[in-house]
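Undergrad: Questions regarding the structure given below will be posed in turn.
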Amino acid sequence: MSAMPSVLQTIVGRALIDAEFRKALVADVRGTLMREGYQLDEVTIAAIESATCDPERVRSFSAAFTSEFLARGEYVC
C-alpha cells in the first residue's frame with residue numbers, strides 16, 4: 001500500500017522549505033522519517049531515497065522553488 005498523497009505532500013513541502021529537515025532527509029531518509037514519526041511503506045521510502053540521492057539536485061531544486069515563491073510573495077519563512 002502506498003503512502004497517502006497528503007503524507008507525501010507534507011514531506012516534500014517540508015523538505016522544500018525547511019533546510020534542516022531537508023539536510024537530515026538527504027543524509028538519512030529512513031532515520032529522519034522514523035524520528036519525525038512518518039510511517040511509510042517500503043516502496044515509498046525507496047522512492048524518497050531515490051529522489052534524494054543527489055544532494056546538490058535537491059538543494060538547487062529547493063532554492064529555485066523558494067526563489068520563485070518569494071518573488072511572487074506567496075511564501076513566507
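Within each chain, counting starts at residue 1; across the C-alpha cells, chains are named A, B, ... in the order shown, with ligands numbered 1 upward in that order.
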Any idea what's packed within 9 Å of Ile45 of chain A, counting only C-alpha atoms, ignoring anything in its chain fewer than 4 positions away? Could you give it as a ChimeraX atom specification?

TA: /A:29-30,33,40-41,49-50

Undergrad: Taking 6 positions as the minimum chain separation for residues in the same chain, which residues sit within 10 Å of segment 18-22 of chain A when counting only C-alpha atoms? Answer as a count of residues only.

TA: 14

Undergrad: Record the distance separating atom CA of Cys53 of chain A and atom CA of Gln9 of chain A, expressed in Å with one decimal.

TA: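 We find that atom CA of Cys53 of chain A and atom CA of Gln9 of chain A lie 18.7 Å from each other.
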
Undergrad: How would you write, as a PyMOL selection string, the set of residues in chain A that DSSP gives as alpha helix (DSSP H)?

TA: chain A and resi 5-17+19-27+29-35+42-51+55-72

Undergrad: Figure out the distance between atom CA of Thr66 of chain A and atom CA of Glu42 of chain A, please, to one decimal in Å.

TA: 29.4 Å
